[in-house]
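Okay, protein_35.pdb is below, PDB, C-alpha atoms and all ligand atoms:
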MODEL        1
ATOM      1  CA  MET A  94     147.278  33.442  39.011
ATOM      2  CA  TYR A  95     144.170  34.508  40.936
ATOM      3  CA  LEU A  96     143.586  38.258  40.777
ATOM      4  CA  VAL A  97     140.836  40.499  42.119
ATOM      5  CA  LEU A  98     139.873  43.833  40.585
ATOM      6  CA  LEU A  99     138.490  46.046  43.327
ATOM      7  CA  GLY A 100     137.072  49.541  42.933
ATOM      8  CA  PRO A 101     133.909  51.622  42.952
ATOM      9  CA  PRO A 102     131.224  51.143  40.301
ATOM     10  CA  GLY A 103     132.430  52.763  37.082
ATOM     11  CA  SER A 104     136.124  52.688  38.004
ATOM     12  CA  GLY A 105     136.922  50.628  34.902
ATOM     13  CA  LYS A 106     137.035  47.096  36.289
ATOM     14  CA  GLY A 107     135.211  45.544  33.340
ATOM     15  CA  THR A 108     137.127  47.582  30.764
ATOM     16  CA  GLN A 109     140.473  46.675  32.272
ATOM     17  CA  ALA A 110     139.588  43.035  32.924
ATOM     18  CA  GLU A 111     138.922  42.574  29.207
ATOM     19  CA  ARG A 112     142.430  43.862  28.444
ATOM     20  CA  LEU A 113     144.177  41.938  31.221
ATOM     21  CA  LYS A 114     142.381  38.821  30.078
ATOM     22  CA  GLU A 115     144.127  39.036  26.692
ATOM     23  CA  GLN A 116     147.485  39.935  28.212
ATOM     24  CA  LEU A 117     147.473  37.256  30.905
ATOM     25  CA  ARG A 118     145.345  34.649  29.090
ATOM     26  CA  LEU A 119     143.070  34.185  32.061
ATOM     27  CA  PRO A 120     139.270  34.037  32.146
ATOM     28  CA  HIS A 121     137.366  37.153  33.253
ATOM     29  CA  VAL A 122     134.785  36.300  35.892
ATOM     30  CA  ALA A 123     132.413  39.184  36.670
ATOM     31  CA  SER A 124     129.725  38.583  39.285
ATOM     32  CA  GLY A 125     127.541  41.319  37.761
ATOM     33  CA  ASP A 126     127.733  39.616  34.346
ATOM     34  CA  LEU A 127     126.815  36.259  35.934
ATOM     35  CA  PHE A 128     123.762  37.870  37.555
ATOM     36  CA  ARG A 129     122.731  39.565  34.285
ATOM     37  CA  GLU A 130     123.115  36.249  32.466
ATOM     38  CA  ASN A 131     120.762  34.666  35.005
ATOM     39  CA  ILE A 132     118.298  37.531  34.570
ATOM     40  CA  GLY A 133     118.416  37.057  30.794
ATOM     41  CA  ASN A 134     117.775  33.325  31.154
ATOM     42  CA  GLU A 135     114.974  34.022  33.657
ATOM     43  CA  THR A 136     116.422  31.667  36.251
ATOM     44  CA  GLU A 137     115.276  31.685  39.877
ATOM     45  CA  LEU A 138     118.616  33.236  40.865
ATOM     46  CA  GLY A 139     118.160  35.936  38.225
ATOM     47  CA  LEU A 140     114.703  36.770  39.490
ATOM     48  CA  LEU A 141     115.987  37.102  43.044
ATOM     49  CA  ALA A 142     119.066  39.131  42.057
ATOM     50  CA  LYS A 143     117.109  41.575  39.896
ATOM     51  CA  GLY A 144     115.201  43.048  42.840
ATOM     52  CA  TYR A 145     118.427  43.950  44.633
ATOM     53  CA  MET A 146     120.229  45.151  41.512
ATOM     54  CA  ASP A 147     117.388  47.465  40.483
ATOM     55  CA  ARG A 148     117.655  49.179  43.880
ATOM     56  CA  GLY A 149     121.442  49.392  43.711
ATOM     57  CA  GLN A 150     121.836  47.018  46.651
ATOM     58  CA  LEU A 151     124.012  43.970  46.982
ATOM     59  CA  VAL A 152     122.598  40.535  46.320
ATOM     60  CA  PRO A 153     122.809  38.527  49.589
ATOM     61  CA  ASP A 154     126.173  36.920  50.319
ATOM     62  CA  ASP A 155     125.011  33.289  50.415
ATOM     63  CA  VAL A 156     123.605  33.234  46.865
ATOM     64  CA  THR A 157     126.439  35.373  45.486
ATOM     65  CA  ILE A 158     129.118  33.153  47.017
ATOM     66  CA  ALA A 159     127.408  29.973  45.775
ATOM     67  CA  MET A 160     127.186  31.391  42.233
ATOM     68  CA  VAL A 161     130.859  32.401  42.108
ATOM     69  CA  ARG A 162     131.983  29.137  43.716
ATOM     70  CA  GLU A 163     130.235  27.204  40.965
ATOM     71  CA  ARG A 164     131.881  29.364  38.293
ATOM     72  CA  LEU A 165     135.349  28.879  39.804
ATOM     73  CA  GLN A 166     134.867  25.124  39.697
ATOM     74  CA  GLN A 167     134.738  25.172  35.898
ATOM     75  CA  PRO A 168     137.900  23.747  34.315
ATOM     76  CA  ASP A 169     138.852  27.021  32.564
ATOM     77  CA  CYS A 170     139.497  28.523  36.029
ATOM     78  CA  ASP A 171     142.076  25.898  37.012
ATOM     79  CA  ASP A 172     145.135  28.072  36.325
ATOM     80  CA  GLY A 173     143.786  31.376  37.516
ATOM     81  CA  VAL A 174     141.134  33.982  36.937
ATOM     82  CA  ILE A 175     140.511  37.711  36.938
ATOM     83  CA  LEU A 176     137.686  38.366  39.379
ATOM     84  CA  ASP A 177     135.714  41.556  38.718
ATOM     85  CA  GLY A 178     133.076  42.768  41.184
ATOM     86  CA  PHE A 179     133.660  39.915  43.618
ATOM     87  CA  PRO A 180     134.298  40.003  46.543
ATOM     88  CA  ARG A 181     132.233  43.036  47.558
ATOM     89  CA  THR A 182     131.841  42.279  51.297
ATOM     90  CA  LEU A 183     134.107  40.971  54.014
ATOM     91  CA  ALA A 184     132.063  37.761  54.176
ATOM     92  CA  GLN A 185     132.645  37.237  50.445
ATOM     93  CA  ALA A 186     136.381  37.878  50.862
ATOM     94  CA  LEU A 187     136.606  35.292  53.621
ATOM     95  CA  ALA A 188     134.615  32.812  51.528
ATOM     96  CA  LEU A 189     136.946  33.383  48.575
ATOM     97  CA  ASP A 190     140.043  32.748  50.717
ATOM     98  CA  LYS A 191     138.458  29.489  51.858
ATOM     99  CA  MET A 192     137.395  28.435  48.350
ATOM    100  CA  LEU A 193     140.919  28.882  47.015
ATOM    101  CA  ALA A 194     142.657  27.363  50.047
ATOM    102  CA  GLY A 195     140.405  24.308  49.727
ATOM    103  CA  THR A 196     142.156  23.447  46.474
ATOM    104  CA  GLY A 197     145.645  24.585  47.482
ATOM    105  CA  ARG A 198     145.408  27.966  45.752
ATOM    106  CA  ALA A 199     145.682  31.568  46.957
ATOM    107  CA  LEU A 200     145.169  35.108  45.694
ATOM    108  CA  ALA A 201     148.198  36.561  43.928
ATOM    109  CA  GLY A 202     147.024  40.116  44.427
ATOM    110  CA  VAL A 203     144.187  42.610  44.581
ATOM    111  CA  LEU A 204     144.307  45.445  42.073
ATOM    112  CA  TYR A 205     142.466  48.407  43.573
ATOM    113  CA  ILE A 206     141.387  51.009  41.023
ATOM    114  CA  ASN A 207     140.853  54.250  42.910
ATOM    115  CA  LEU A 208     138.400  56.819  41.483
ATOM    116  CA  PRO A 209     136.533  59.744  43.127
ATOM    117  CA  ASP A 210     132.715  59.548  43.303
ATOM    118  CA  GLU A 211     132.086  62.508  40.942
ATOM    119  CA  GLU A 212     134.013  60.758  38.213
ATOM    120  CA  THR A 213     132.160  57.441  38.616
ATOM    121  CA  VAL A 214     128.864  59.232  38.031
ATOM    122  CA  ARG A 215     130.179  60.775  34.790
ATOM    123  CA  ARG A 216     131.453  57.424  33.625
ATOM    124  CA  LEU A 217     128.292  55.468  34.375
ATOM    125  CA  SER A 218     125.900  57.996  32.869
ATOM    126  CA  GLY A 219     127.626  57.513  29.500
ATOM    127  CA  ARG A 220     128.171  53.756  29.716
ATOM    128  CA  TRP A 221     126.817  51.482  26.976
ATOM    129  CA  ILE A 222     127.167  47.690  27.239
ATOM    130  CA  CYS A 223     127.075  44.995  24.578
ATOM    131  CA  GLY A 224     124.035  42.785  25.119
ATOM    132  CA  GLN A 225     125.894  39.830  23.658
ATOM    133  CA  CYS A 226     129.492  39.884  25.000
ATOM    134  CA  GLN A 227     129.161  42.504  27.818
ATOM    135  CA  THR A 228     131.984  44.716  26.493
ATOM    136  CA  PRO A 229     131.579  48.207  28.012
ATOM    137  CA  TYR A 230     131.728  51.395  25.910
ATOM    138  CA  HIS A 231     131.363  55.071  26.757
ATOM    139  CA  ALA A 232     129.515  57.613  24.633
ATOM    140  CA  VAL A 233     132.408  60.087  24.936
ATOM    141  CA  PHE A 234     135.470  58.332  26.406
ATOM    142  CA  SER A 235     135.343  55.047  24.523
ATOM    143  CA  PRO A 236     132.748  55.098  21.723
ATOM    144  CA  PRO A 237     132.249  52.137  19.366
ATOM    145  CA  ALA A 238     133.169  52.589  15.688
ATOM    146  CA  GLU A 239     129.499  52.457  14.751
ATOM    147  CA  GLU A 240     126.926  53.970  17.126
ATOM    148  CA  GLY A 241     124.980  51.330  19.070
ATOM    149  CA  VAL A 242     126.984  48.383  17.707
ATOM    150  CA  CYS A 243     129.683  46.333  19.506
ATOM    151  CA  ASP A 244     133.145  46.472  17.857
ATOM    152  CA  GLU A 245     133.968  43.014  19.192
ATOM    153  CA  CYS A 246     130.956  40.974  18.162
ATOM    154  CA  GLY A 247     128.461  43.198  16.327
ATOM    155  CA  GLY A 248     125.977  42.901  19.213
ATOM    156  CA  GLU A 249     123.511  45.657  20.082
ATOM    157  CA  LEU A 250     124.540  48.119  22.821
ATOM    158  CA  TYR A 251     122.205  49.081  25.674
ATOM    159  CA  GLN A 252     122.289  51.261  28.790
ATOM    160  CA  ARG A 253     121.914  49.504  32.147
ATOM    161  CA  ASP A 254     118.838  50.433  34.212
ATOM    162  CA  ASP A 255     121.003  50.671  37.315
ATOM    163  CA  ASP A 256     123.306  53.263  35.693
ATOM    164  CA  ARG A 257     120.627  55.958  36.219
ATOM    165  CA  PRO A 258     121.989  58.709  38.528
ATOM    166  CA  GLU A 259     119.599  57.864  41.428
ATOM    167  CA  THR A 260     120.662  54.219  41.426
ATOM    168  CA  VAL A 261     124.327  55.127  40.981
ATOM    169  CA  ARG A 262     124.107  57.230  44.158
ATOM    170  CA  ALA A 263     122.676  54.238  46.048
ATOM    171  CA  ARG A 264     125.424  51.986  44.658
ATOM    172  CA  LEU A 265     128.114  54.418  45.785
ATOM    173  CA  ILE A 266     126.735  54.463  49.343
ATOM    174  CA  VAL A 267     126.727  50.657  49.342
ATOM    175  CA  TYR A 268     130.276  50.656  47.987
ATOM    176  CA  HIS A 269     131.605  52.915  50.734
ATOM    177  CA  GLU A 270     129.776  51.032  53.496
ATOM    178  CA  GLN A 271     130.267  47.428  52.460
ATOM    179  CA  THR A 272     133.052  47.136  49.885
ATOM    180  CA  ALA A 273     135.583  49.844  50.787
ATOM    181  CA  PRO A 274     136.513  48.006  54.048
ATOM    182  CA  LEU A 275     138.087  45.361  51.801
ATOM    183  CA  ILE A 276     140.809  47.858  50.882
ATOM    184  CA  ASP A 277     142.150  47.635  54.437
ATOM    185  CA  TYR A 278     141.548  43.920  54.659
ATOM    186  CA  TYR A 279     143.706  43.242  51.626
ATOM    187  CA  ARG A 280     146.262  45.873  52.552
ATOM    188  CA  ARG A 281     146.818  44.079  55.853
ATOM    189  CA  ALA A 282     147.145  40.807  53.967
ATOM    190  CA  ARG A 283     149.833  42.525  51.843
ATOM    191  CA  LEU A 284     147.907  41.766  48.704
ATOM    192  CA  LEU A 285     146.732  45.258  47.779
ATOM    193  CA  VAL A 286     148.159  47.187  44.839
ATOM    194  CA  GLU A 287     146.588  50.605  44.292
ATOM    195  CA  VAL A 288     146.283  52.091  40.826
ATOM    196  CA  ASP A 289     145.010  55.587  39.978
ATOM    197  CA  GLY A 290     141.842  55.096  37.928
ATOM    198  CA  ALA A 291     141.567  58.728  36.806
ATOM    199  CA  GLY A 292     143.861  58.478  33.780
ATOM    200  CA  ASP A 293     142.630  57.462  30.357
ATOM    201  CA  ILE A 294     141.983  53.797  29.546
ATOM    202  CA  GLU A 295     145.490  53.259  28.131
ATOM    203  CA  ALA A 296     147.220  54.813  31.156
ATOM    204  CA  VAL A 297     145.238  52.733  33.655
ATOM    205  CA  SER A 298     145.834  49.637  31.560
ATOM    206  CA  ALA A 299     149.615  50.213  31.538
ATOM    207  CA  ALA A 300     149.653  50.750  35.312
ATOM    208  CA  LEU A 301     147.691  47.550  35.905
ATOM    209  CA  LEU A 302     149.887  45.505  33.619
ATOM    210  CA  GLU A 303     152.984  46.734  35.411
ATOM    211  CA  ALA A 304     151.378  45.952  38.782
ATOM    212  CA  THR A 305     150.599  42.375  37.707
ATOM    213  CA  ARG A 306     154.132  41.917  36.333
ATOM    214  CA  ASN A 307     155.470  42.936  39.761
ATOM    215  CA  LEU A 308     153.155  40.435  41.423
ATOM    216  CA  MET A 309     154.486  37.645  39.207
ATOM    217  CA  LYS A 310     158.113  38.327  40.198
TER
HETATM  218  P1  LIG A 401     129.681  47.730  38.322
HETATM  219  O1  LIG A 401     130.037  47.463  36.885
HETATM  220  O2  LIG A 401     129.087  49.042  38.528
HETATM  221  O3  LIG A 401     130.822  47.482  39.255
HETATM  222  P2  LIG A 401     128.396  45.131  38.509
HETATM  223  O4  LIG A 401     127.997  44.760  37.150
HETATM  224  O5  LIG A 401     129.651  44.527  39.048
HETATM  225  O6  LIG A 401     128.493  46.714  38.648
HETATM  226  O7  LIG A 401     127.227  44.811  39.528
HETATM  227  C1  LIG A 401     125.898  45.210  39.269
HETATM  228  C2  LIG A 401     125.026  44.807  40.454
HETATM  229  O8  LIG A 401     125.065  43.377  40.620
HETATM  230  C3  LIG A 401     125.455  45.366  41.797
HETATM  231  O9  LIG A 401     124.954  46.671  42.030
HETATM  232  C4  LIG A 401     124.837  44.344  42.760
HETATM  233  O10 LIG A 401     123.441  44.534  42.894
HETATM  234  C5  LIG A 401     125.040  43.031  42.005
HETATM  235  N1  LIG A 401     126.338  42.416  42.348
HETATM  236  C6  LIG A 401     127.407  42.238  41.515
HETATM  237  N2  LIG A 401     128.412  41.643  42.177
HETATM  238  C7  LIG A 401     127.988  41.439  43.447
HETATM  239  C8  LIG A 401     128.589  40.891  44.619
HETATM  240  N3  LIG A 401     129.849  40.421  44.619
HETATM  241  N4  LIG A 401     127.839  40.842  45.751
HETATM  242  C9  LIG A 401     126.579  41.286  45.771
HETATM  243  N5  LIG A 401     125.965  41.830  44.712
HETATM  244  C10 LIG A 401     126.653  41.918  43.557
HETATM  245  P1  LIG A 402     133.183  49.017  36.191
HETATM  246  O1  LIG A 402     133.238  47.618  35.615
HETATM  247  O2  LIG A 402     134.231  49.249  37.253
HETATM  248  O3  LIG A 402     131.817  49.401  36.660
HETATM  249  P2  LIG A 402     133.512  49.893  33.393
HETATM  250  O4  LIG A 402     134.742  49.213  32.920
HETATM  251  O5  LIG A 402     132.209  49.372  32.935
HETATM  252  O6  LIG A 402     133.557  50.032  35.018
HETATM  253  O7  LIG A 402     133.642  51.448  33.013
HETATM  254  C1  LIG A 402     132.602  52.366  33.305
HETATM  255  C2  LIG A 402     132.435  53.338  32.135
HETATM  256  O8  LIG A 402     133.570  54.190  32.053
HETATM  257  C3  LIG A 402     132.342  52.648  30.782
HETATM  258  O9  LIG A 402     131.465  53.421  29.992
HETATM  259  C4  LIG A 402     133.767  52.708  30.225
HETATM  260  O10 LIG A 402     133.782  52.747  28.801
HETATM  261  C5  LIG A 402     134.270  54.017  30.810
HETATM  262  N1  LIG A 402     135.697  53.983  31.184
HETATM  263  C6  LIG A 402     136.400  52.956  31.702
HETATM  264  N2  LIG A 402     137.677  53.312  31.971
HETATM  265  C7  LIG A 402     137.773  54.626  31.636
HETATM  266  C8  LIG A 402     138.864  55.595  31.680
HETATM  267  N3  LIG A 402     140.067  55.278  32.148
HETATM  268  N4  LIG A 402     138.595  56.840  31.241
HETATM  269  C9  LIG A 402     137.364  57.166  30.781
HETATM  270  N5  LIG A 402     136.315  56.324  30.713
HETATM  271  C10 LIG A 402     136.513  55.056  31.127
HETATM  272 ZN    ZN A 403     129.851  42.475  21.871
ENDMDL
END

Take the structure in the file and write it out as structure tokens.
Ligand code: ADP
Ligand code: ADP
Ligand code: ZN
Amino acid sequence: MYLVLLGPPGSGKGTQAERLKEQLRLPHVASGDLFRENIGNETELGLLAKGYMDRGQLVPDDVTIAMVRERLQQPDCDDGVILDGFPRTLAQALALDKMLAGTGRALAGVLYINLPDEETVRRLSGRWICGQCQTPYHAVFSPPAEEGVCDECGGELYQRDDDRPETVRARLIVYHEQTAPLIDYYRRARLLVEVDGAGDIEAVSAALLEATRNLMK
């Protein structure tokens, strides 16, 4: 089952992907995490991506597509995957269709988490991420048991540079210009399922699980 989580920055894609991953037993593939891994390992790709990420802009399609293609070729992706943060442009969506079709697969659905801009800013300004396993937390909405420490793995939590309000504003502009058109693209393809992202984590999680159950019918 190949699923895409679509939504503005801070809408809860990472949070919900971690839950869906347990429920559906599928790997969680997040393009942002792949870029941050490359930055951490100081690869050439990481160096290139960092410049764009720091400005809140998208990394160019060709390198992004190549990186995700390579990830999807790993054997753990054979039965399906939860894509988070990819595709983010029409060119990426077309490339994904092609990648899957090339091996006789297709998207089962696109889960669109809708959230107003004001709320994304509140979410991102309080976001803390585990440096080891990437689990997201929120200072108020989803705090770890012990301040600064990951519940899942004991890793140290940090705040992303690009979650600063100025960069978040740039990311939202990019989202509306380049990513939001995918909502219509997938709606036309009859793959889109919209979920209200404004509820608490449990409510959004229940709505997404029900949406995926309907897709499996
Ligand atoms: P968020 O959690 O806010 O949705 P991500 O971790 O998915 O953010 O992405 C962080 C940054 O990584 C983006 O602002 C962008 O610079 C880059 N990035 C991630 N995914 C993509 C993509 N599919 N295409 C281009 N750039 C991407
Ligand atoms: P995305 O991957 O879409 O950028 P995240 O899953 O990282 O979003 O969530 C952004 C921030 O909002 C995190 O700090 C997370 O703990 C918090 N968060 C996620 N879902 C909710 C929710 N339903 N209600 C309140 N806070 C949430
Ligand atoms: Zn962790």

For this session: Taking only C-alpha atoms and all ligand atoms into account, report as a ChimeraX atom specification which residues have an atom no farther than 9 Å from an atom of ligand LIG 401 (chain A).
Result: /A:99-107,123-129,142-154,156-158,161,177-182,185,213,217,255-256,260-261,263-264,267-268

Exercise. Which is closer to ligand ZN 403 (chain A) than all the others in A:Tyr205, A:Trp221, A:Phe234, A:Tyr278, using all atoms listed in the file?
Worked result: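 Nearest candidate to ligand ZN 403 (chain A) out of A:Tyr205, A:Trp221, A:Phe234, A:Tyr278: A:Trp221.
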
For this session: Identify, counting all atoms listed in the file, the protein, DNA and RNA residues located within 9 Å of ligand ZN 403 (chain A), and give them as a VMD selection string.
Result: chain A and resid 222 to 229 242 to 250

Only C-alpha atoms, please: the residues just picked out, written as a PDB file, in the frame of the given file.
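Below is the file out.pdb, written as the result:
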ATOM      1  CA  ILE A 222     127.167  47.690  27.239  1.00  0.00           C
ATOM      2  CA  CYS A 223     127.075  44.995  24.578  1.00  0.00           C
ATOM      3  CA  GLY A 224     124.035  42.785  25.119  1.00  0.00           C
ATOM      4  CA  GLN A 225     125.894  39.830  23.658  1.00  0.00           C
ATOM      5  CA  CYS A 226     129.492  39.884  25.000  1.00  0.00           C
ATOM      6  CA  GLN A 227     129.161  42.504  27.818  1.00  0.00           C
ATOM      7  CA  THR A 228     131.984  44.716  26.493  1.00  0.00           C
ATOM      8  CA  PRO A 229     131.579  48.207  28.012  1.00  0.00           C
ATOM      9  CA  VAL A 242     126.984  48.383  17.707  1.00  0.00           C
ATOM     10  CA  CYS A 243     129.683  46.333  19.506  1.00  0.00           C
ATOM     11  CA  ASP A 244     133.145  46.472  17.857  1.00  0.00           C
ATOM     12  CA  GLU A 245     133.968  43.014  19.192  1.00  0.00           C
ATOM     13  CA  CYS A 246     130.956  40.974  18.162  1.00  0.00           C
ATOM     14  CA  GLY A 247     128.461  43.198  16.327  1.00  0.00           C
ATOM     15  CA  GLY A 248     125.977  42.901  19.213  1.00  0.00           C
ATOM     16  CA  GLU A 249     123.511  45.657  20.082  1.00  0.00           C
ATOM     17  CA  LEU A 250     124.540  48.119  22.821  1.00  0.00           C
TER      18      LEU A 250
END

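Minimum atom-to-atom distance to ligand LIG 402 (chain A), evaluated using all atoms listed in the file, belongs to A:Leu176 out of A:Leu176, A:Leu193, A:Leu119, A:Ala304.
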
Problem set entry | Test item: residues at most 9 Å from region 196-203 of chain A, all atoms listed in the file, excluding those fewer than 6 positions along its chain, as a ChimeraX atom specification | /A:94-99,189-190,276,279-280,283-287,305,308-309

Exercise. Where does the PyMOL selection byres (((chain A and resi 207) around 6) and not hetatm) land in this file, that is, which residues does it pick, as a PyMOL selection string?
Worked result: chain A and resi 206+208+289-290

Include C-alpha atoms and write out the residues we just selected as a PDB file, in the coordinates of the input.
ATOM      1  CA  ILE A 206     141.387  51.009  41.023  1.00  0.00           C
ATOM      2  CA  LEU A 208     138.400  56.819  41.483  1.00  0.00           C
ATOM      3  CA  ASP A 289     145.010  55.587  39.978  1.00  0.00           C
ATOM      4  CA  GLY A 290     141.842  55.096  37.928  1.00  0.00           C
TER       5      GLY A 290
END

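Counting all atoms listed in the file and comparing A:Ala238, A:Leu301, A:Ala273, A:Ala110, the residue that lies closest to ligand LIG 402 (chain A) is A:Ala110.
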
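Taking atom N4 of ligand LIG 402 (chain A) as the reference point, CA of Val288 (chain A) is found at 13.2 Å.
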
Seminar exercise, completed: What separates CA of Gln166 (chain A) and CA of Ala184 (chain A) is a distance of 19.4 Å

With the input short on atoms, add N, CA and C atoms back to region 145-167 of chain A and write it as a PDB file, keeping the file's coordinate frame.
ATOM      1  N   TYR A 145     117.341  43.242  43.952  1.00  0.00           N
ATOM      2  CA  TYR A 145     118.427  43.950  44.633  1.00  0.00           C
ATOM      3  C   TYR A 145     119.158  44.873  43.668  1.00  0.00           C
ATOM      4  N   MET A 146     119.452  44.362  42.485  1.00  0.00           N
ATOM      5  CA  MET A 146     120.229  45.151  41.512  1.00  0.00           C
ATOM      6  C   MET A 146     119.490  46.417  41.102  1.00  0.00           C
ATOM      7  N   ASP A 147     118.178  46.299  40.891  1.00  0.00           N
ATOM      8  CA  ASP A 147     117.388  47.465  40.483  1.00  0.00           C
ATOM      9  C   ASP A 147     117.425  48.561  41.539  1.00  0.00           C
ATOM     10  N   ARG A 148     117.607  48.178  42.808  1.00  0.00           N
ATOM     11  CA  ARG A 148     117.655  49.179  43.880  1.00  0.00           C
ATOM     12  C   ARG A 148     119.087  49.617  44.188  1.00  0.00           C
ATOM     13  N   GLY A 149     120.047  49.023  43.481  1.00  0.00           N
ATOM     14  CA  GLY A 149     121.442  49.392  43.711  1.00  0.00           C
ATOM     15  C   GLY A 149     122.020  48.740  44.945  1.00  0.00           C
ATOM     16  N   GLN A 150     121.337  47.709  45.462  1.00  0.00           N
ATOM     17  CA  GLN A 150     121.836  47.018  46.651  1.00  0.00           C
ATOM     18  C   GLN A 150     122.564  45.741  46.282  1.00  0.00           C
ATOM     19  N   LEU A 151     123.286  45.206  47.239  1.00  0.00           N
ATOM     20  CA  LEU A 151     124.012  43.970  46.982  1.00  0.00           C
ATOM     21  C   LEU A 151     123.076  42.774  47.077  1.00  0.00           C
ATOM     22  N   VAL A 152     123.297  41.808  46.229  1.00  0.00           N
ATOM     23  CA  VAL A 152     122.598  40.535  46.320  1.00  0.00           C
ATOM     24  C   VAL A 152     123.163  39.838  47.568  1.00  0.00           C
ATOM     25  N   PRO A 153     122.314  39.129  48.338  1.00  0.00           N
ATOM     26  CA  PRO A 153     122.809  38.527  49.589  1.00  0.00           C
ATOM     27  C   PRO A 153     124.047  37.638  49.376  1.00  0.00           C
ATOM     28  N   ASP A 154     124.899  37.637  50.406  1.00  0.00           N
ATOM     29  CA  ASP A 154     126.173  36.920  50.319  1.00  0.00           C
ATOM     30  C   ASP A 154     126.016  35.439  49.970  1.00  0.00           C
ATOM     31  N   ASP A 155     125.066  34.747  50.613  1.00  0.00           N
ATOM     32  CA  ASP A 155     125.011  33.289  50.415  1.00  0.00           C
ATOM     33  C   ASP A 155     124.799  32.919  48.951  1.00  0.00           C
ATOM     34  N   VAL A 156     123.851  33.591  48.272  1.00  0.00           N
ATOM     35  CA  VAL A 156     123.605  33.234  46.865  1.00  0.00           C
ATOM     36  C   VAL A 156     124.751  33.699  45.966  1.00  0.00           C
ATOM     37  N   THR A 157     125.328  34.853  46.297  1.00  0.00           N
ATOM     38  CA  THR A 157     126.439  35.373  45.486  1.00  0.00           C
ATOM     39  C   THR A 157     127.642  34.440  45.589  1.00  0.00           C
ATOM     40  N   ILE A 158     127.964  34.042  46.793  1.00  0.00           N
ATOM     41  CA  ILE A 158     129.118  33.153  47.017  1.00  0.00           C
ATOM     42  C   ILE A 158     128.904  31.818  46.308  1.00  0.00           C
ATOM     43  N   ALA A 159     127.700  31.270  46.418  1.00  0.00           N
ATOM     44  CA  ALA A 159     127.408  29.973  45.775  1.00  0.00           C
ATOM     45  C   ALA A 159     127.569  30.085  44.260  1.00  0.00           C
ATOM     46  N   MET A 160     127.098  31.196  43.688  1.00  0.00           N
ATOM     47  CA  MET A 160     127.186  31.391  42.233  1.00  0.00           C
ATOM     48  C   MET A 160     128.648  31.479  41.776  1.00  0.00           C
ATOM     49  N   VAL A 161     129.453  32.242  42.500  1.00  0.00           N
ATOM     50  CA  VAL A 161     130.859  32.401  42.108  1.00  0.00           C
ATOM     51  C   VAL A 161     131.624  31.099  42.343  1.00  0.00           C
ATOM     52  N   ARG A 162     131.299  30.404  43.442  1.00  0.00           N
ATOM     53  CA  ARG A 162     131.983  29.137  43.716  1.00  0.00           C
ATOM     54  C   ARG A 162     131.776  28.181  42.542  1.00  0.00           C
ATOM     55  N   GLU A 163     130.546  28.107  42.077  1.00  0.00           N
ATOM     56  CA  GLU A 163     130.235  27.204  40.965  1.00  0.00           C
ATOM     57  C   GLU A 163     131.028  27.586  39.714  1.00  0.00           C
ATOM     58  N   ARG A 164     131.130  28.894  39.457  1.00  0.00           N
ATOM     59  CA  ARG A 164     131.881  29.364  38.293  1.00  0.00           C
ATOM     60  C   ARG A 164     133.366  29.000  38.404  1.00  0.00           C
ATOM     61  N   LEU A 165     133.916  29.146  39.611  1.00  0.00           N
ATOM     62  CA  LEU A 165     135.349  28.879  39.804  1.00  0.00           C
ATOM     63  C   LEU A 165     135.677  27.389  39.729  1.00  0.00           C
ATOM     64  N   GLN A 166     134.636  26.570  39.809  1.00  0.00           N
ATOM     65  CA  GLN A 166     134.867  25.124  39.697  1.00  0.00           C
ATOM     66  C   GLN A 166     134.949  24.652  38.244  1.00  0.00           C
ATOM     67  N   GLN A 167     134.641  25.552  37.311  1.00  0.00           N
ATOM     68  CA  GLN A 167     134.738  25.172  35.898  1.00  0.00           C
ATOM     69  C   GLN A 167     136.208  25.007  35.527  1.00  0.00           C
TER      70      GLN A 167
END
